[in-house]
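J.: structure_11.pdb is reproduced in full below (PDB, C-alpha atoms).
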```
ATOM      1  CA  MET A   1      24.388   7.101  -3.409
ATOM      2  CA  GLY A   2      27.054   4.420  -3.100
ATOM      3  CA  ILE A   3      27.046   0.692  -3.707
ATOM      4  CA  ILE A   4      25.259  -0.056  -0.430
ATOM      5  CA  GLY A   5      22.372   2.267  -1.286
ATOM      6  CA  PHE A   6      22.125   0.797  -4.774
ATOM      7  CA  LEU A   7      22.036  -2.759  -3.409
ATOM      8  CA  PHE A   8      19.361  -1.762  -0.916
ATOM      9  CA  ILE A   9      17.192  -0.291  -3.677
ATOM     10  CA  VAL A  10      17.555  -3.346  -5.920
ATOM     11  CA  GLY A  11      16.953  -5.715  -3.009
ATOM     12  CA  SER A  12      13.886  -3.735  -1.988
ATOM     13  CA  TYR A  13      12.338  -4.231  -5.402
ATOM     14  CA  PHE A  14      12.709  -8.002  -5.052
ATOM     15  CA  ILE A  15      11.271  -7.938  -1.530
ATOM     16  CA  GLY A  16       8.325  -5.925  -2.824
ATOM     17  CA  SER A  17       7.831  -8.478  -5.602
ATOM     18  CA  ILE A  18       6.764 -11.137  -3.072
ATOM     19  CA  SER A  19       2.981 -11.003  -3.467
ATOM     20  CA  SER A  20       1.371 -11.647  -0.083
ATOM     21  CA  ALA A  21      -2.119 -11.668  -1.582
ATOM     22  CA  VAL A  22      -1.336 -14.393  -4.103
ATOM     23  CA  LEU A  23       0.575 -16.553  -1.619
ATOM     24  CA  ILE A  24      -2.061 -16.262   1.125
ATOM     25  CA  SER A  25      -4.817 -16.996  -1.393
ATOM     26  CA  ARG A  26      -2.999 -20.146  -2.456
ATOM     27  CA  LEU A  27      -2.488 -21.155   1.181
ATOM     28  CA  PHE A  28      -6.203 -20.782   1.943
ATOM     29  CA  ARG A  29      -7.262 -22.218  -1.434
ATOM     30  CA  LEU A  30      -8.973 -19.003  -2.457
ATOM     31  CA  PRO A  31      -9.478 -17.750  -6.027
ATOM     32  CA  ASP A  32      -6.503 -15.966  -7.513
ATOM     33  CA  PRO A  33      -7.055 -12.285  -6.611
ATOM     34  CA  ARG A  34      -5.414 -11.256  -9.898
ATOM     35  CA  ASN A  35      -8.242 -12.868 -11.847
ATOM     36  CA  ASN A  36     -11.220 -12.571  -9.511
ATOM     37  CA  GLY A  37     -13.128  -9.863  -7.655
ATOM     38  CA  SER A  38     -11.581  -6.486  -8.405
ATOM     39  CA  LYS A  39      -8.573  -8.341  -9.895
ATOM     40  CA  ASN A  40      -6.273  -6.436  -7.563
ATOM     41  CA  PRO A  41      -3.923  -8.603  -5.456
ATOM     42  CA  GLY A  42      -4.339  -6.699  -2.228
ATOM     43  CA  ALA A  43      -5.931  -7.063   1.193
ATOM     44  CA  THR A  44      -9.266  -5.499   0.190
ATOM     45  CA  ASN A  45      -9.826  -7.934  -2.657
ATOM     46  CA  VAL A  46      -8.716 -10.903  -0.540
ATOM     47  CA  TYR A  47     -11.277  -9.755   2.042
ATOM     48  CA  ARG A  48     -13.982  -9.887  -0.607
ATOM     49  CA  LEU A  49     -12.864 -13.308  -1.832
ATOM     50  CA  GLY A  50     -11.970 -15.044   1.422
ATOM     51  CA  GLY A  51     -13.024 -13.072   4.454
ATOM     52  CA  ARG A  52     -11.353 -11.242   7.295
ATOM     53  CA  PHE A  53      -8.557 -13.538   8.473
ATOM     54  CA  PRO A  54      -6.748 -14.035   5.140
ATOM     55  CA  ALA A  55      -7.146 -10.313   4.411
ATOM     56  CA  VAL A  56      -5.591  -9.344   7.763
ATOM     57  CA  LEU A  57      -2.650 -11.645   7.047
ATOM     58  CA  VAL A  58      -2.139 -10.015   3.643
ATOM     59  CA  LEU A  59      -2.360  -6.547   5.181
ATOM     60  CA  LEU A  60       0.198  -7.338   7.882
ATOM     61  CA  LEU A  61       2.618  -9.017   5.482
ATOM     62  CA  ASP A  62       2.388  -6.132   3.014
ATOM     63  CA  ILE A  63       3.115  -3.628   5.794
ATOM     64  CA  ILE A  64       6.062  -5.692   7.074
ATOM     65  CA  LYS A  65       7.356  -5.924   3.514
ATOM     66  CA  GLY A  66       7.584  -2.138   3.452
ATOM     67  CA  VAL A  67       9.027  -1.762   6.944
ATOM     68  CA  ILE A  68      11.959  -4.170   6.663
ATOM     69  CA  PRO A  69      14.039  -2.599   3.857
ATOM     70  CA  VAL A  70      13.441   1.024   4.887
ATOM     71  CA  TRP A  71      14.103   0.371   8.573
ATOM     72  CA  SER A  72      17.233  -1.599   7.667
ATOM     73  CA  GLY A  73      18.466   1.292   5.503
ATOM     74  CA  TYR A  74      17.741   3.761   8.301
ATOM     75  CA  PHE A  75      19.616   1.503  10.745
ATOM     76  CA  VAL A  76      22.783   1.456   8.622
ATOM     77  CA  GLY A  77      22.677   5.243   8.238
ATOM     78  CA  LEU A  78      21.523   5.767   4.653
ATOM     79  CA  PRO A  79      20.452   9.375   3.897
ATOM     80  CA  PRO A  80      16.779  10.383   3.436
ATOM     81  CA  VAL A  81      16.997  10.526  -0.376
ATOM     82  CA  VAL A  82      18.229   6.908  -0.521
ATOM     83  CA  LEU A  83      15.610   5.807   1.997
ATOM     84  CA  GLY A  84      13.047   7.408  -0.281
ATOM     85  CA  GLY A  85      14.447   5.413  -3.194
ATOM     86  CA  ILE A  86      14.171   2.239  -1.119
ATOM     87  CA  ALA A  87      10.538   3.006  -0.249
ATOM     88  CA  ILE A  88       9.687   3.662  -3.896
ATOM     89  CA  ALA A  89      11.515   0.491  -4.994
ATOM     90  CA  VAL A  90       9.696  -1.789  -2.562
ATOM     91  CA  CYS A  91       6.337  -0.299  -3.577
ATOM     92  CA  PHE A  92       7.241  -0.548  -7.263
ATOM     93  CA  GLY A  93       8.049  -4.219  -6.687
ATOM     94  CA  HIS A  94       4.662  -4.686  -5.026
ATOM     95  CA  MET A  95       2.918  -3.028  -7.964
ATOM     96  CA  PHE A  96       4.940  -4.799 -10.675
ATOM     97  CA  PRO A  97       6.291  -8.006  -9.093
ATOM     98  CA  ILE A  98       8.862  -9.849 -11.174
ATOM     99  CA  PHE A  99       7.885 -13.146  -9.498
ATOM    100  CA  PHE A 100       4.195 -12.852 -10.439
ATOM    101  CA  HIS A 101       4.183 -11.724 -14.075
ATOM    102  CA  PHE A 102       4.276  -8.026 -13.048
ATOM    103  CA  GLU A 103       0.632  -8.242 -11.888
ATOM    104  CA  GLY A 104       0.689  -6.496  -8.523
ATOM    105  CA  GLY A 105      -1.374  -4.442  -6.129
ATOM    106  CA  LYS A 106      -1.859  -0.737  -5.510
ATOM    107  CA  GLY A 107       0.894  -0.425  -2.883
ATOM    108  CA  VAL A 108      -0.999   1.321  -0.075
ATOM    109  CA  ALA A 109      -0.180  -1.103   2.762
ATOM    110  CA  THR A 110       3.416  -1.491   1.596
ATOM    111  CA  ALA A 111       3.784   2.299   1.416
ATOM    112  CA  LEU A 112       2.436   2.583   4.957
ATOM    113  CA  GLY A 113       5.067   0.113   6.097
ATOM    114  CA  ALA A 114       7.731   2.047   4.228
ATOM    115  CA  VAL A 115       6.927   5.315   6.016
ATOM    116  CA  LEU A 116       6.527   3.815   9.506
ATOM    117  CA  PRO A 117      10.294   4.057  10.211
ATOM    118  CA  ILE A 118       9.964   7.838   9.823
ATOM    119  CA  GLY A 119       7.932   7.835  13.021
ATOM    120  CA  LEU A 120       5.012   6.171  14.753
ATOM    121  CA  ASP A 121       3.305   9.556  14.993
ATOM    122  CA  LEU A 122       3.236   9.773  11.196
ATOM    123  CA  GLY A 123       2.032   6.186  10.935
ATOM    124  CA  GLY A 124      -0.707   6.891  13.463
ATOM    125  CA  LEU A 125      -1.896   9.948  11.531
ATOM    126  CA  LEU A 126      -2.032   7.989   8.283
ATOM    127  CA  ILE A 127      -3.903   5.046   9.827
ATOM    128  CA  ALA A 128      -6.365   7.364  11.584
ATOM    129  CA  THR A 129      -7.008   9.270   8.345
ATOM    130  CA  TRP A 130      -7.614   6.044   6.413
ATOM    131  CA  LEU A 131     -10.034   4.726   9.046
ATOM    132  CA  VAL A 132     -12.010   7.979   9.322
ATOM    133  CA  VAL A 133     -12.437   8.320   5.541
ATOM    134  CA  LEU A 134     -13.353   4.628   5.227
ATOM    135  CA  LEU A 135     -15.999   4.912   7.946
ATOM    136  CA  ILE A 136     -17.455   8.055   6.359
ATOM    137  CA  THR A 137     -17.448   6.949   2.711
ATOM    138  CA  GLY A 138     -17.343   3.147   2.819
ATOM    139  CA  TYR A 139     -14.794   3.173  -0.018
ATOM    140  CA  SER A 140     -11.378   1.616   0.613
ATOM    141  CA  SER A 141      -9.992   3.325  -2.489
ATOM    142  CA  ALA A 142     -11.227   6.766  -1.404
ATOM    143  CA  ALA A 143      -9.686   6.244   2.024
ATOM    144  CA  ALA A 144      -6.383   5.273   0.410
ATOM    145  CA  LEU A 145      -6.368   8.216  -1.998
ATOM    146  CA  ILE A 146      -7.150  10.876   0.608
ATOM    147  CA  THR A 147      -4.598   9.387   3.009
ATOM    148  CA  VAL A 148      -1.943   9.372   0.292
ATOM    149  CA  LEU A 149      -2.746  12.972  -0.676
ATOM    150  CA  LEU A 150      -2.310  14.076   2.940
ATOM    151  CA  ALA A 151       0.833  12.008   3.556
ATOM    152  CA  PRO A 152       3.302  14.657   2.232
ATOM    153  CA  LEU A 153       1.677  17.331   4.428
ATOM    154  CA  PHE A 154       1.851  15.124   7.521
ATOM    155  CA  THR A 155       5.466  14.301   6.711
ATOM    156  CA  TRP A 156       6.363  17.972   6.279
ATOM    157  CA  LEU A 157       4.871  18.747   9.695
ATOM    158  CA  ILE A 158       6.712  15.873  11.433
ATOM    159  CA  LYS A 159      10.001  15.290   9.577
ATOM    160  CA  PRO A 160      10.273  17.723   6.642
ATOM    161  CA  GLU A 161      13.490  16.164   5.286
ATOM    162  CA  TYR A 162      11.412  13.187   4.098
ATOM    163  CA  THR A 163       8.737  15.269   2.342
ATOM    164  CA  LEU A 164      10.157  14.884  -1.180
ATOM    165  CA  PRO A 165      10.460  11.059  -1.178
ATOM    166  CA  VAL A 166       7.039  10.684   0.444
ATOM    167  CA  SER A 167       5.582  13.008  -2.201
ATOM    168  CA  MET A 168       7.142  10.895  -4.960
ATOM    169  CA  LEU A 169       5.712   7.766  -3.364
ATOM    170  CA  ALA A 170       2.293   9.404  -3.121
ATOM    171  CA  CYS A 171       2.355  10.288  -6.827
ATOM    172  CA  LEU A 172       3.187   6.677  -7.721
ATOM    173  CA  ILE A 173       0.283   5.331  -5.672
ATOM    174  CA  ILE A 174      -2.180   7.884  -7.064
ATOM    175  CA  LEU A 175      -1.199   6.952 -10.618
ATOM    176  CA  ARG A 176      -1.719   3.293  -9.724
ATOM    177  CA  HIS A 177      -5.263   4.148  -8.586
ATOM    178  CA  HIS A 178      -6.311   5.715 -11.893
ATOM    179  CA  THR A 179      -9.022   3.108 -12.512
ATOM    180  CA  ASN A 180     -10.395   3.553  -8.987
ATOM    181  CA  ILE A 181     -10.500   7.325  -9.499
ATOM    182  CA  SER A 182     -12.488   6.805 -12.691
ATOM    183  CA  ARG A 183     -14.949   4.457 -10.942
ATOM    184  CA  LEU A 184     -15.334   6.834  -7.997
ATOM    185  CA  TRP A 185     -16.067   9.679 -10.409
ATOM    186  CA  ASN A 186     -18.652   7.551 -12.252
ATOM    187  CA  GLN A 187     -20.066   6.211  -8.958
ATOM    188  CA  THR A 188     -19.410   2.604  -9.991
ATOM    189  CA  GLU A 189     -16.754   1.814  -7.371
ATOM    190  CA  ALA A 190     -17.661  -1.042  -4.997
ATOM    191  CA  LYS A 191     -17.869  -0.226  -1.303
ATOM    192  CA  ILE A 192     -16.140  -2.361   1.313
ATOM    193  CA  LEU A 193     -18.407  -0.957   4.038
ATOM    194  CA  ARG A 194     -22.105  -0.443   3.523
ATOM    195  CA  HIS A 195     -23.942   1.913   5.853
ATOM    196  CA  ARG A 196     -27.346   0.918   7.114
ATOM    197  CA  GLN A 197     -30.192   2.927   5.672
ATOM    198  CA  LYS A 198     -32.196   4.926   8.205
ATOM    199  CA  LYS A 199     -35.809   3.860   8.455
TER     200      LYS A 199
END
```
The structure in this file should be written as C-alpha cells.
T.:
Amino acid sequence: MGIIGFLFIVGSYFIGSISSAVLISRLFRLPDPRNNGSKNPGATNVYRLGGRFPAVLVLLLDIIKGVIPVWSGYFVGLPPVVLGGIAIAVCFGHMFPIFFHFEGGKGVATALGAVLPIGLDLGGLLIATWLVVLLITGYSSAAALITVLLAPLFTWLIKPEYTLPVSMLACLIILRHHTNISRLWNQTEAKILRHRQKK
C-alpha cells in the first residue's frame, strides 16, 4: 500500500469524523440530532428537526466529505484497493467520529460522495435509485438500503475493478442500518414522505 496510501486512509478517517449534522445544528441553534428525533446525526434527522435548508447543507457537506479524499487519492494515482480503503475510512469516520464521542450517522451521503469519483454515471444511477425508492415507499432508510444493495451491481457494470471495495462499503452501511431494518420489518419506521390518501 505504501506510506502515502496509509496516510490517506488515516487522514480520511479524521475528515469523516467532522460531523456536518452536529455542526450545522449548532449553527442554526437546532436540537442536537444525536439526542433528538431519530437520534441519528444525518440529513434526514436534521430535516425533521430543522427543515429543508439545514438538511440540504448537511447533505451537501457529507457528500463533499466523501468526495475530497477519494478524488485526491485518485488524482495522485493510488490503486483501486487503496481508494476503496479510503472510502471505507471516511465513512467509518462519519459513523464513529473521534471528534464527537463516536456518535455518528449511517454514512449514506458520505458513501455517495466517496463513489462519485468512480464516475458520474454511477453517481447518477445511485441518486436515481434512491429517489425512485423514496418516492414509492416514503422511507429514507428503505431508499438507502436498496440503493446500497444495488451499488455493487452498478459498479460491476460500469467499472468492475471497483466492485470489491464498493461491496465492502455497502456491507458496512447495511450493518449500520440494522435498527432501521428491524423497524421496517416491524412497520414502525417513520416515513420522511407521506403519500396522500385517495378519497
J.: Which residue, A:Pro80, A:Pro152, A:Pro117, A:Gly16, has the smallest gap to Ile98 (chain A) when you use all atoms listed in the file?
T.: A:Gly16
J.: Can you list, as a PyMOL selection string, the residues that the PyMOL selection byres ((chain A and resi 15) around 12) selects here?
T.: chain A and resi 8-14+16-20+61-70+86-99+110
J.: Need the shell around Ala128 (chain A): protein/DNA/RNA residues with any atom at most 10 Å away, counting only C-alpha atoms. Skip same-chain ones fewer than 6 positions apart. Format as a PyMOL selection string?
T.: chain A and resi 122+134+147
J.: Store the residues picked out above in a file with C-alpha atoms, as a PDB file, in the coordinates of the input.
T.:
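Contents of the output file result_26.pdb:
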```pdb
ATOM      1  CA  LEU A 122       3.236   9.773  11.196  1.00  0.00           C
ATOM      2  CA  LEU A 134     -13.353   4.628   5.227  1.00  0.00           C
ATOM      3  CA  THR A 147      -4.598   9.387   3.009  1.00  0.00           C
TER       4      THR A 147
END
```
J.: Residues at most 10 Å from region 167-169 of chain A, counting only C-alpha atoms, excluding those fewer than 4 positions away in the same chain, as number ranges by chain?
T.: A: 84-85, 87-89, 91-92, 107-108, 111, 114-115, 148-153, 155-156, 162-163, 173-174
J.: Report as a VMD selection string the residues that result from applying the PyMOL selection byres ((chain A and resi 25) around 12) to the structure here.
T.: chain A and resid 19 to 24 26 to 36 41 to 43 45 to 51 53 to 58
J.: Kindly export the residues of the current selection with C-alpha atoms, as a PDB file, in the frame of the given file.
T.:
```
ATOM      1  CA  SER A  19       2.981 -11.003  -3.467  1.00  0.00           C
ATOM      2  CA  SER A  20       1.371 -11.647  -0.083  1.00  0.00           C
ATOM      3  CA  ALA A  21      -2.119 -11.668  -1.582  1.00  0.00           C
ATOM      4  CA  VAL A  22      -1.336 -14.393  -4.103  1.00  0.00           C
ATOM      5  CA  LEU A  23       0.575 -16.553  -1.619  1.00  0.00           C
ATOM      6  CA  ILE A  24      -2.061 -16.262   1.125  1.00  0.00           C
ATOM      7  CA  ARG A  26      -2.999 -20.146  -2.456  1.00  0.00           C
ATOM      8  CA  LEU A  27      -2.488 -21.155   1.181  1.00  0.00           C
ATOM      9  CA  PHE A  28      -6.203 -20.782   1.943  1.00  0.00           C
ATOM     10  CA  ARG A  29      -7.262 -22.218  -1.434  1.00  0.00           C
ATOM     11  CA  LEU A  30      -8.973 -19.003  -2.457  1.00  0.00           C
ATOM     12  CA  PRO A  31      -9.478 -17.750  -6.027  1.00  0.00           C
ATOM     13  CA  ASP A  32      -6.503 -15.966  -7.513  1.00  0.00           C
ATOM     14  CA  PRO A  33      -7.055 -12.285  -6.611  1.00  0.00           C
ATOM     15  CA  ARG A  34      -5.414 -11.256  -9.898  1.00  0.00           C
ATOM     16  CA  ASN A  35      -8.242 -12.868 -11.847  1.00  0.00           C
ATOM     17  CA  ASN A  36     -11.220 -12.571  -9.511  1.00  0.00           C
ATOM     18  CA  PRO A  41      -3.923  -8.603  -5.456  1.00  0.00           C
ATOM     19  CA  GLY A  42      -4.339  -6.699  -2.228  1.00  0.00           C
ATOM     20  CA  ALA A  43      -5.931  -7.063   1.193  1.00  0.00           C
ATOM     21  CA  ASN A  45      -9.826  -7.934  -2.657  1.00  0.00           C
ATOM     22  CA  VAL A  46      -8.716 -10.903  -0.540  1.00  0.00           C
ATOM     23  CA  TYR A  47     -11.277  -9.755   2.042  1.00  0.00           C
ATOM     24  CA  ARG A  48     -13.982  -9.887  -0.607  1.00  0.00           C
ATOM     25  CA  LEU A  49     -12.864 -13.308  -1.832  1.00  0.00           C
ATOM     26  CA  GLY A  50     -11.970 -15.044   1.422  1.00  0.00           C
ATOM     27  CA  GLY A  51     -13.024 -13.072   4.454  1.00  0.00           C
ATOM     28  CA  PHE A  53      -8.557 -13.538   8.473  1.00  0.00           C
ATOM     29  CA  PRO A  54      -6.748 -14.035   5.140  1.00  0.00           C
ATOM     30  CA  ALA A  55      -7.146 -10.313   4.411  1.00  0.00           C
ATOM     31  CA  VAL A  56      -5.591  -9.344   7.763  1.00  0.00           C
ATOM     32  CA  LEU A  57      -2.650 -11.645   7.047  1.00  0.00           C
ATOM     33  CA  VAL A  58      -2.139 -10.015   3.643  1.00  0.00           C
TER      34      VAL A  58
END
```
J.: In Å, how far is it from CA of Gly2 (chain A) to CA of Leu83 (chain A)?
T.: 12.6 Å
J.: May I ask which of the residues A:Ser72, A:Ser140, A:Asn180, A:Asn40 is the closest one to Leu193 (chain A), counting all atoms listed in the file?
T.: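 So, comparing all the options, the nearest one is A:Ser140.
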J.: How many Å lie between CA of Trp185 (chain A) and CA of Leu60 (chain A), rounded to one decimal?
T.: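 Distance reported for this atom pair: 29.8 Å.
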J.: So how many Å separate CA of Thr188 (chain A) and CA of Phe100 (chain A), to one decimal?
T.: 28.2 Å
